[in-house]
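This is coords.csv. It holds CSV, C-alpha atoms.
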```csv
chain,number,residue,atom,x,y,z
T,1142,MET,CA,0.0,0.0,0.0
T,1143,ILE,CA,2.8,2.4,0.9
T,1144,ALA,CA,4.5,1.9,-2.5
T,1145,ALA,CA,1.2,2.6,-4.3
T,1146,VAL,CA,0.8,6.1,-2.9
T,1147,LEU,CA,4.4,7.2,-3.0
T,1148,PRO,CA,6.0,8.8,-6.1
T,1149,ARG,CA,9.0,7.0,-7.6
T,1150,ALA,CA,11.6,9.4,-6.1
T,1151,SER,CA,10.3,8.5,-2.6
T,1152,LEU,CA,10.8,4.8,-3.0
T,1153,ALA,CA,14.6,5.2,-2.8
T,1154,ALA,CA,14.2,7.3,0.3
T,1155,LEU,CA,12.0,4.6,1.8
T,1156,PHE,CA,14.7,2.0,1.0
T,1157,ALA,CA,17.3,4.2,2.9
T,1158,VAL,CA,15.1,4.6,5.9
T,1159,PHE,CA,14.3,0.9,6.3
T,1160,ASN,CA,17.9,0.0,5.6
T,1161,SER,CA,19.2,2.3,8.3
T,1162,ARG,CA,16.6,1.1,10.8
T,1163,PHE,CA,16.5,-2.6,10.2
T,1164,GLY,CA,19.7,-3.3,8.3
T,1165,GLY,CA,22.1,-5.9,9.6
T,1166,ALA,CA,25.5,-4.4,9.8
T,1167,GLU,CA,25.8,-0.8,8.8
T,1168,PRO,CA,28.2,-0.3,6.0
T,1169,ARG,CA,31.7,0.6,7.3
T,1170,GLN,CA,33.2,3.9,6.5
T,1171,SER,CA,35.5,3.5,3.5
T,1172,LEU,CA,39.2,4.0,4.2
T,1173,ASP,CA,41.3,6.0,1.8
T,1174,GLU,CA,43.7,4.1,-0.5
T,1175,GLU,CA,46.8,5.0,1.5
T,1176,ALA,CA,45.3,3.5,4.7
T,1177,VAL,CA,44.2,0.4,2.8
T,1178,ALA,CA,47.7,0.1,1.3
T,1179,ARG,CA,49.2,0.3,4.9
T,1180,LEU,CA,46.8,-2.4,6.1
T,1181,VAL,CA,47.7,-4.6,3.2
T,1182,GLU,CA,51.4,-4.2,3.9
T,1183,GLN,CA,50.8,-5.0,7.6
T,1184,ALA,CA,48.6,-8.0,6.8
T,1185,ARG,CA,51.3,-9.3,4.4
T,1186,ARG,CA,53.8,-9.2,7.3
T,1187,GLY,CA,51.4,-11.4,9.4
T,1188,ASP,CA,49.5,-8.7,11.4
T,1189,ALA,CA,46.2,-10.4,12.3
T,1190,GLU,CA,44.5,-7.2,13.2
T,1191,ALA,CA,45.3,-5.6,9.9
T,1192,ARG,CA,44.0,-8.7,8.1
T,1193,GLN,CA,40.8,-8.5,10.2
T,1194,ALA,CA,40.4,-4.9,9.4
T,1195,LEU,CA,40.6,-5.6,5.7
T,1196,TYR,CA,38.1,-8.4,6.1
T,1197,LEU,CA,35.6,-6.2,7.9
T,1198,GLN,CA,36.1,-3.5,5.4
T,1199,HIS,CA,35.2,-5.7,2.4
T,1200,VAL,CA,33.0,-8.7,3.5
T,1201,ASP,CA,29.6,-7.0,3.3
T,1202,ARG,CA,30.5,-5.3,0.1
T,1203,VAL,CA,31.5,-8.6,-1.5
T,1204,PHE,CA,28.3,-10.2,-0.3
T,1205,ARG,CA,26.2,-7.4,-1.7
T,1206,THR,CA,28.1,-7.7,-5.0
T,1207,VAL,CA,27.7,-11.4,-5.5
T,1208,ARG,CA,24.2,-11.5,-4.1
T,1209,GLY,CA,23.2,-9.4,-7.1
T,1210,MET,CA,24.8,-11.9,-9.4
T,1211,LEU,CA,23.7,-15.1,-7.9
T,1212,ARG,CA,20.3,-16.9,-7.5
T,1213,SER,CA,20.4,-17.7,-3.8
T,1214,GLY,CA,21.6,-16.3,-0.5
T,1215,ALA,CA,23.3,-19.6,0.2
T,1216,ASP,CA,25.4,-19.3,-3.0
T,1217,ALA,CA,26.2,-15.8,-2.1
T,1218,GLU,CA,27.4,-16.9,1.3
T,1219,ASP,CA,29.6,-19.6,-0.2
T,1220,VAL,CA,31.1,-17.3,-2.8
T,1221,THR,CA,31.7,-14.5,-0.3
T,1222,GLN,CA,33.5,-16.9,2.0
T,1223,ASP,CA,35.6,-18.3,-0.9
T,1224,ALA,CA,36.4,-14.9,-2.3
T,1225,MET,CA,37.4,-13.4,1.1
T,1226,LEU,CA,39.6,-16.4,1.8
T,1227,THR,CA,41.3,-15.9,-1.6
T,1228,VAL,CA,41.7,-12.2,-0.9
T,1229,LEU,CA,43.3,-12.8,2.5
T,1230,THR,CA,45.6,-15.6,1.4
T,1231,SER,CA,46.6,-13.8,-1.9
T,1232,LEU,CA,47.6,-10.4,-0.5
T,1233,HIS,CA,51.2,-11.1,-1.6
T,1234,LYS,CA,49.9,-11.1,-5.2
T,1235,TYR,CA,48.3,-7.7,-5.0
T,1236,SER,CA,50.2,-4.9,-6.6
T,1237,PRO,CA,48.5,-1.5,-6.4
T,1238,ARG,CA,48.1,0.3,-9.7
T,1239,ALA,CA,47.7,4.0,-9.9
T,1240,GLY,CA,44.0,5.0,-9.8
T,1241,THR,CA,42.8,1.5,-9.2
T,1242,PRO,CA,41.4,0.9,-5.7
T,1243,PHE,CA,42.0,-2.2,-3.6
T,1244,ALA,CA,38.2,-2.7,-3.7
T,1245,ALA,CA,38.5,-3.3,-7.5
T,1246,TRP,CA,40.9,-6.1,-7.0
T,1247,VAL,CA,38.7,-7.6,-4.3
T,1248,ALA,CA,35.6,-7.3,-6.6
T,1249,THR,CA,37.5,-9.0,-9.5
T,1250,ILE,CA,38.2,-11.9,-7.2
T,1251,ALA,CA,34.6,-12.0,-6.1
T,1252,LEU,CA,33.5,-11.9,-9.7
T,1253,ASN,CA,35.8,-14.7,-10.8
T,1254,THR,CA,34.6,-16.8,-7.8
T,1255,ALA,CA,31.0,-16.2,-8.7
T,1256,ARG,CA,31.6,-17.0,-12.4
T,1257,ARG,CA,32.7,-20.4,-11.4
T,1258,ARG,CA,29.2,-20.8,-9.9
T,1259,PHE,CA,27.5,-19.4,-13.0
T,1260,ARG,CA,29.1,-22.2,-15.0
T,1261,ARG,CA,27.7,-24.8,-12.7
T,1262,ARG,CA,24.3,-23.3,-12.0
T,1263,ARG,CA,22.3,-20.9,-14.2
T,1264,PRO,CA,19.6,-18.8,-12.7
T,1265,GLU,CA,16.2,-20.4,-13.1
T,1266,LEU,CA,13.1,-18.4,-13.3
T,1267,THR,CA,9.7,-19.8,-12.5
T,1268,ALA,CA,6.9,-19.5,-15.1
T,1269,THR,CA,5.7,-16.2,-13.7
T,1270,GLY,CA,9.2,-14.7,-14.0
T,1271,GLU,CA,9.8,-14.7,-10.3
T,1272,LEU,CA,12.6,-16.2,-8.4
T,1273,PRO,CA,11.4,-18.6,-5.7
T,1274,GLU,CA,12.4,-17.1,-2.4
T,1275,ALA,CA,15.1,-19.2,-0.8
T,1276,ALA,CA,14.8,-20.1,2.8
T,1277,ASP,CA,18.0,-18.3,3.7
T,1278,ASP,CA,16.6,-15.0,2.2
T,1279,ARG,CA,13.5,-15.0,4.3
T,1280,ALA,CA,13.1,-12.0,6.6
T,1281,GLU,CA,14.7,-12.2,10.0
T,1282,PRO,CA,12.5,-11.5,12.9
T,1283,GLU,CA,14.0,-8.0,13.5
T,1284,GLU,CA,14.2,-7.2,9.9
T,1285,GLY,CA,10.8,-5.9,9.0
T,1286,LEU,CA,8.5,-6.9,6.2
T,1287,ASP,CA,9.2,-3.9,4.0
T,1288,ARG,CA,12.9,-4.5,3.8
T,1289,ALA,CA,12.3,-8.1,2.9
T,1290,ARG,CA,9.8,-7.0,0.3
T,1291,GLN,CA,12.3,-4.5,-1.1
T,1292,ARG,CA,15.0,-7.1,-1.3
T,1293,ARG,CA,12.7,-9.5,-3.0
T,1294,ALA,CA,11.6,-6.9,-5.6
T,1295,LEU,CA,15.3,-6.1,-6.3
T,1296,LEU,CA,16.3,-9.7,-6.7
T,1297,ILE,CA,13.4,-10.5,-9.0
T,1298,ALA,CA,14.2,-7.4,-11.1
T,1299,LEU,CA,17.8,-8.4,-11.2
T,1300,ALA,CA,17.1,-12.0,-12.2
T,1301,GLU,CA,15.3,-10.7,-15.3
T,1302,LEU,CA,18.4,-8.9,-16.6
T,1303,PRO,CA,20.8,-10.6,-19.0
T,1304,GLU,CA,23.8,-12.0,-17.1
T,1305,ARG,CA,26.3,-9.4,-18.4
T,1306,GLU,CA,24.0,-6.5,-17.3
T,1307,ARG,CA,23.4,-8.2,-13.9
T,1308,VAL,CA,27.2,-8.5,-13.4
T,1309,ILE,CA,27.9,-4.9,-14.4
T,1310,VAL,CA,25.1,-3.5,-12.2
T,1311,SER,CA,26.3,-5.6,-9.3
T,1312,LEU,CA,29.8,-4.3,-9.6
T,1313,ARG,CA,28.5,-0.7,-9.8
T,1314,TYR,CA,26.1,-0.8,-6.8
T,1315,GLY,CA,27.4,-3.7,-4.8
T,1316,ALA,CA,31.1,-3.2,-5.1
T,1317,GLU,CA,30.7,0.6,-5.7
T,1318,LEU,CA,33.2,0.6,-8.6
T,1319,ASN,CA,33.3,3.3,-11.3
T,1320,ALA,CA,32.8,2.6,-15.0
T,1321,SER,CA,36.5,2.3,-15.7
T,1322,ASP,CA,37.1,-0.3,-13.0
T,1323,ILE,CA,34.1,-2.2,-14.0
T,1324,GLY,CA,35.3,-2.2,-17.6
T,1325,ALA,CA,38.7,-3.5,-16.6
T,1326,ALA,CA,37.0,-6.3,-14.5
T,1327,VAL,CA,34.6,-7.5,-17.2
T,1328,GLY,CA,36.7,-6.6,-20.3
T,1329,VAL,CA,34.3,-3.9,-21.7
T,1330,GLU,CA,35.0,-0.3,-22.6
T,1331,ALA,CA,34.0,2.2,-19.9
T,1332,ALA,CA,31.7,4.0,-22.4
T,1333,ALA,CA,29.9,0.7,-23.0
T,1334,VAL,CA,29.6,0.1,-19.3
T,1335,ARG,CA,28.0,3.5,-18.8
T,1336,LYS,CA,25.4,2.7,-21.5
T,1337,ILE,CA,24.7,-0.7,-20.0
T,1338,LEU,CA,24.2,0.9,-16.6
T,1339,GLU,CA,21.9,3.5,-17.9
T,1340,ARG,CA,19.7,0.9,-19.6
T,1341,ALA,CA,19.8,-1.4,-16.6
T,1342,ARG,CA,18.8,1.4,-14.2
T,1343,THR,CA,15.8,2.2,-16.3
T,1344,ARG,CA,14.7,-1.4,-16.4
T,1345,LEU,CA,15.4,-2.1,-12.8
T,1346,GLY,CA,13.6,1.1,-11.6
T,1347,GLY,CA,10.5,0.4,-13.5
T,1348,ARG,CA,10.3,-3.3,-12.5
T,1349,ILE,CA,11.1,-2.6,-8.8
T,1350,GLU,CA,8.4,0.0,-8.7
T,1351,ALA,CA,5.8,-2.3,-10.3
T,1352,LEU,CA,6.7,-5.1,-8.0
T,1353,LEU,CA,6.4,-2.9,-4.9
T,1354,VAL,CA,3.1,-1.5,-6.0
T,1355,ARG,CA,1.8,-5.0,-6.7
T,1356,ASP,CA,3.0,-6.3,-3.4
T,1357,GLY,CA,1.6,-3.2,-1.6
T,1358,GLY,CA,-1.8,-3.7,-3.3
T,1359,MET,CA,-1.9,-7.3,-2.2
T,1360,ARG,CA,-1.9,-6.4,1.5
R,465,MET,CA,15.7,5.5,-10.6
R,466,ASN,CA,19.0,7.4,-10.6
R,467,ASP,CA,22.4,6.3,-9.5
R,468,ASP,CA,22.0,7.3,-5.8
R,469,GLN,CA,18.5,5.8,-5.5
R,470,LEU,CA,19.6,2.4,-6.9
R,471,GLY,CA,22.7,2.6,-4.7
R,472,ALA,CA,20.4,3.0,-1.7
R,473,ALA,CA,18.1,0.2,-2.9
R,474,TRP,CA,21.1,-2.1,-3.2
R,475,MET,CA,21.6,-1.9,0.6
R,476,ALA,CA,18.7,-4.2,0.9
R,477,LEU,CA,21.1,-7.0,-0.2
R,478,GLN,CA,23.2,-6.5,2.9
R,479,PRO,CA,23.8,-9.9,4.5
R,480,THR,CA,21.4,-10.8,7.3
R,481,THR,CA,22.9,-11.2,10.8
R,482,GLY,CA,22.7,-15.0,10.4
R,483,GLN,CA,24.4,-15.0,7.0
R,484,ARG,CA,27.1,-12.7,8.2
R,485,ARG,CA,27.7,-14.9,11.3
R,486,ARG,CA,28.1,-18.0,9.2
R,487,ILE,CA,30.5,-16.4,6.7
R,488,ASP,CA,32.6,-15.0,9.6
R,489,ALA,CA,32.8,-18.4,11.4
R,490,ARG,CA,33.7,-20.3,8.2
R,491,VAL,CA,36.4,-17.8,7.2
R,492,ALA,CA,37.9,-17.7,10.7
R,493,GLY,CA,37.8,-21.5,11.0
R,494,TRP,CA,39.5,-22.0,7.7
R,495,LEU,CA,42.2,-19.4,8.4
R,496,GLU,CA,42.9,-20.9,11.8
R,497,ALA,CA,43.1,-24.4,10.4
R,498,ARG,CA,45.5,-23.1,7.6
R,499,GLU,CA,47.8,-21.5,10.1
R,500,THR,CA,47.9,-24.2,12.7
R,501,THR,CA,50.7,-26.7,12.2
R,502,LEU,CA,50.2,-30.4,12.6
R,503,ALA,CA,52.4,-30.5,15.7
R,504,ALA,CA,50.3,-27.7,17.2
R,505,GLU,CA,47.2,-29.6,16.4
R,506,TRP,CA,48.5,-32.7,18.2
R,507,LEU,CA,49.7,-30.6,21.2
R,508,GLY,CA,46.3,-29.1,21.4
R,509,LEU,CA,44.7,-32.5,21.3
R,510,PHE,CA,46.9,-33.8,24.1
R,511,ARG,CA,46.0,-30.7,26.2
R,512,ALA,CA,42.3,-31.1,25.6
R,513,ALA,CA,42.0,-34.8,25.9
R,514,PRO,CA,45.2,-36.5,27.0
R,515,PHE,CA,43.9,-40.0,27.3
R,516,SER,CA,42.0,-40.0,24.0
R,517,ALA,CA,45.1,-38.5,22.3
R,518,ALA,CA,47.4,-41.2,23.8
R,519,GLY,CA,45.0,-43.9,22.8
R,520,LEU,CA,44.9,-42.5,19.2
R,521,VAL,CA,48.7,-42.5,19.1
R,522,ALA,CA,48.8,-46.1,20.3
R,523,VAL,CA,46.3,-47.3,17.8
R,524,SER,CA,48.1,-45.4,15.0
R,525,ALA,CA,51.4,-46.9,16.0
R,526,LEU,CA,49.9,-50.4,16.2
R,527,SER,CA,48.3,-50.0,12.8
R,528,LEU,CA,51.7,-48.9,11.3
R,529,ALA,CA,53.4,-51.9,12.9
R,530,THR,CA,50.9,-54.5,11.8
R,531,ALA,CA,50.0,-53.2,8.4
R,532,PRO,CA,53.1,-54.3,6.5
R,533,PRO,CA,53.1,-58.0,7.7
R,534,LEU,CA,49.3,-58.2,7.1
R,535,ALA,CA,49.7,-56.8,3.6
R,536,TRP,CA,52.5,-59.3,2.9
R,537,LEU,CA,50.4,-62.1,4.2
R,538,ALA,CA,47.4,-61.0,2.0
R,539,SER,CA,49.6,-60.8,-1.1
R,540,ALA,CA,51.1,-64.2,-0.4
R,541,LEU,CA,47.6,-65.8,0.0
R,542,LEU,CA,46.4,-64.2,-3.2
```
With the file now loaded, output its structure as structure tokens.
Amino acid sequence: MIAAVLPRASLAALFAVFNSRFGGAEPRQSLDEEAVARLVEQARRGDAEARQALYLQHVDRVFRTVRGMLRSGADAEDVTQDAMLTVLTSLHKYSPRAGTPFAAWVATIALNTARRRFRRRRPELTATGELPEAADDRAEPEEGLDRARQRRALLIALAELPERERVIVSLRYGAELNASDIGAAVGVEAAAVRKILERARTRLGGRIEALLVRDGGMR
Amino acid sequence: MNDDQLGAAWMALQPTTGQRRRIDARVAGWLEARETTLAAEWLGLFRAAPFSAAGLVAVSALSLATAPPLAWLASALL
């Protein structure tokens, strides 16, 4: 019902309010690249606290990224776990490049880990074009119905995008990468990434709004 | 939807408390296992359960001692 009476611009504000009130962990404040480089260096020398700081800085972001790409929360958990282990045990292979954030390296590892799953398991839509809600994605008691509804709407809308668009959108909004970094990760020109993002935003926005209105009307 | 709105909407994909707890536990467990040497594992086992650990060592030693003659006997019979 709420979604039915609110204009489109208000939907995002609604998302933000529910996220801040009922969200699991609040996103951590991003560190600048110099601070990240120091942590990486300390972690390479075996500093467990630095390694933990890097983990905490990136684990939620990796989850949000791969959750947008994969069909189930359980797959996203597995991929996040594998990707974070790869990150933490491969720090010696990381070489910072000018203008490329550490987060882009982490996101590329997450993408490659998720791709291995794409090969094994393709997203399957039901006849109505909806993803069956996995048990592990059900609302938690403290979470609130609206947030669960928003997540479900976003996941359904994402599942309807072609795989490449879903990956690019996930890297933009999950990993918070810019078009150049996304282009480098997926092997597409930055200009093409911008076009894909523009198209995907329009499709996602329309679909999410329709789903929220429909769900609101069903109440 | 513009860039900021979709960015805000994406926060709904944040892991739930349960999902995050499971990921943390698995990553921590794997890292701990990776960094614990075999000697330290055995030492820990002796500290936690000395009798069971001693029993396990005795059974292992007995198996190692009896396996070669038993294998020889089996191959001779075949």
Would you mind listing, as a PyMOL selection string, all residues of chain R that have at least one atom within 12 Å of chain T, where only C-alpha atoms are what counts?
chain R and resi 465-496+498-499
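The space between atom CA of Gly508 of chain R and atom CA of Ser1231 of chain T spans 27.9 Å.
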Atom CA of Arg1212 of chain T sits from atom CA of Arg1348 of chain T at a separation of 17.6 Å
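Distance-wise, atom CA of Val1228 of chain T and atom CA of Val1247 of chain T end up 6.5 Å apart.
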Hey, could you patch up segment 1232-1257 of chain T with N, CA and C atoms and hand it over as an mmCIF file, keeping the file's coordinate frame?
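The result, stored in result17.cif:
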```cif
data_model
loop_
_atom_site.group_PDB
_atom_site.id
_atom_site.type_symbol
_atom_site.label_atom_id
_atom_site.label_comp_id
_atom_site.auth_asym_id
_atom_site.auth_seq_id
_atom_site.Cartn_x
_atom_site.Cartn_y
_atom_site.Cartn_z
ATOM 1 N N LEU T 1232 47.192 -11.837 -0.619
ATOM 2 C CA LEU T 1232 47.600 -10.400 -0.500
ATOM 3 C C LEU T 1232 48.997 -10.206 -1.108
ATOM 4 N N HIS T 1233 49.839 -11.239 -1.059
ATOM 5 C CA HIS T 1233 51.200 -11.100 -1.600
ATOM 6 C C HIS T 1233 51.153 -10.887 -3.136
ATOM 7 N N LYS T 1234 50.025 -11.277 -3.763
ATOM 8 C CA LYS T 1234 49.900 -11.100 -5.200
ATOM 9 C C LYS T 1234 49.379 -9.751 -5.621
ATOM 10 N N TYR T 1235 48.869 -9.023 -4.642
ATOM 11 C CA TYR T 1235 48.300 -7.700 -5.000
ATOM 12 C C TYR T 1235 49.321 -6.677 -5.188
ATOM 13 N N SER T 1236 49.247 -6.035 -6.370
ATOM 14 C CA SER T 1236 50.200 -4.900 -6.600
ATOM 15 C C SER T 1236 49.318 -3.707 -6.977
ATOM 16 N N PRO T 1237 49.361 -2.681 -6.121
ATOM 17 C CA PRO T 1237 48.500 -1.500 -6.400
ATOM 18 C C PRO T 1237 48.869 -0.826 -7.688
ATOM 19 N N ARG T 1238 47.839 -0.497 -8.451
ATOM 20 C CA ARG T 1238 48.100 0.300 -9.700
ATOM 21 C C ARG T 1238 47.471 1.649 -9.488
ATOM 22 N N ALA T 1239 48.125 2.624 -10.085
ATOM 23 C CA ALA T 1239 47.700 4.000 -9.900
ATOM 24 C C ALA T 1239 46.212 4.160 -10.340
ATOM 25 N N GLY T 1240 45.410 4.732 -9.472
ATOM 26 C CA GLY T 1240 44.000 5.000 -9.800
ATOM 27 C C GLY T 1240 43.080 3.822 -9.683
ATOM 28 N N THR T 1241 43.626 2.647 -9.351
ATOM 29 C CA THR T 1241 42.800 1.500 -9.200
ATOM 30 C C THR T 1241 42.662 1.125 -7.720
ATOM 31 N N PRO T 1242 41.466 1.192 -7.137
ATOM 32 C CA PRO T 1242 41.400 0.900 -5.700
ATOM 33 C C PRO T 1242 41.516 -0.562 -5.361
ATOM 34 N N PHE T 1243 41.887 -0.815 -4.132
ATOM 35 C CA PHE T 1243 42.000 -2.200 -3.600
ATOM 36 C C PHE T 1243 40.660 -2.904 -3.798
ATOM 37 N N ALA T 1244 39.561 -2.131 -3.607
ATOM 38 C CA ALA T 1244 38.200 -2.700 -3.700
ATOM 39 C C ALA T 1244 37.985 -3.307 -5.110
ATOM 40 N N ALA T 1245 38.633 -2.736 -6.138
ATOM 41 C CA ALA T 1245 38.500 -3.300 -7.500
ATOM 42 C C ALA T 1245 39.117 -4.647 -7.605
ATOM 43 N N TRP T 1246 40.258 -4.816 -6.959
ATOM 44 C CA TRP T 1246 40.900 -6.100 -7.000
ATOM 45 C C TRP T 1246 40.081 -7.141 -6.218
ATOM 46 N N VAL T 1247 39.538 -6.727 -5.086
ATOM 47 C CA VAL T 1247 38.700 -7.600 -4.300
ATOM 48 C C VAL T 1247 37.430 -7.997 -5.140
ATOM 49 N N ALA T 1248 36.856 -6.995 -5.811
ATOM 50 C CA ALA T 1248 35.600 -7.300 -6.600
ATOM 51 C C ALA T 1248 35.934 -8.202 -7.757
ATOM 52 N N THR T 1249 37.118 -8.077 -8.356
ATOM 53 C CA THR T 1249 37.500 -9.000 -9.500
ATOM 54 C C THR T 1249 37.597 -10.410 -8.963
ATOM 55 N N ILE T 1250 38.162 -10.582 -7.772
ATOM 56 C CA ILE T 1250 38.200 -11.900 -7.200
ATOM 57 C C ILE T 1250 36.845 -12.466 -6.921
ATOM 58 N N ALA T 1251 35.966 -11.597 -6.388
ATOM 59 C CA ALA T 1251 34.600 -12.000 -6.100
ATOM 60 C C ALA T 1251 33.873 -12.402 -7.407
ATOM 61 N N LEU T 1252 34.089 -11.596 -8.447
ATOM 62 C CA LEU T 1252 33.500 -11.900 -9.700
ATOM 63 C C LEU T 1252 33.932 -13.226 -10.294
ATOM 64 N N ASN T 1253 35.234 -13.465 -10.254
ATOM 65 C CA ASN T 1253 35.800 -14.700 -10.800
ATOM 66 C C ASN T 1253 35.239 -15.927 -9.970
ATOM 67 N N THR T 1254 35.130 -15.740 -8.654
ATOM 68 C CA THR T 1254 34.600 -16.800 -7.800
ATOM 69 C C THR T 1254 33.132 -17.082 -8.162
ATOM 70 N N ALA T 1255 32.379 -16.007 -8.346
ATOM 71 C CA ALA T 1255 31.000 -16.200 -8.700
ATOM 72 C C ALA T 1255 30.799 -16.780 -10.083
ATOM 73 N N ARG T 1256 31.682 -16.419 -11.010
ATOM 74 C CA ARG T 1256 31.600 -17.000 -12.400
ATOM 75 C C ARG T 1256 31.740 -18.469 -12.405
ATOM 76 N N ARG T 1257 32.570 -18.967 -11.500
ATOM 77 C CA ARG T 1257 32.700 -20.400 -11.400
ATOM 78 C C ARG T 1257 31.378 -21.056 -11.088
#
```
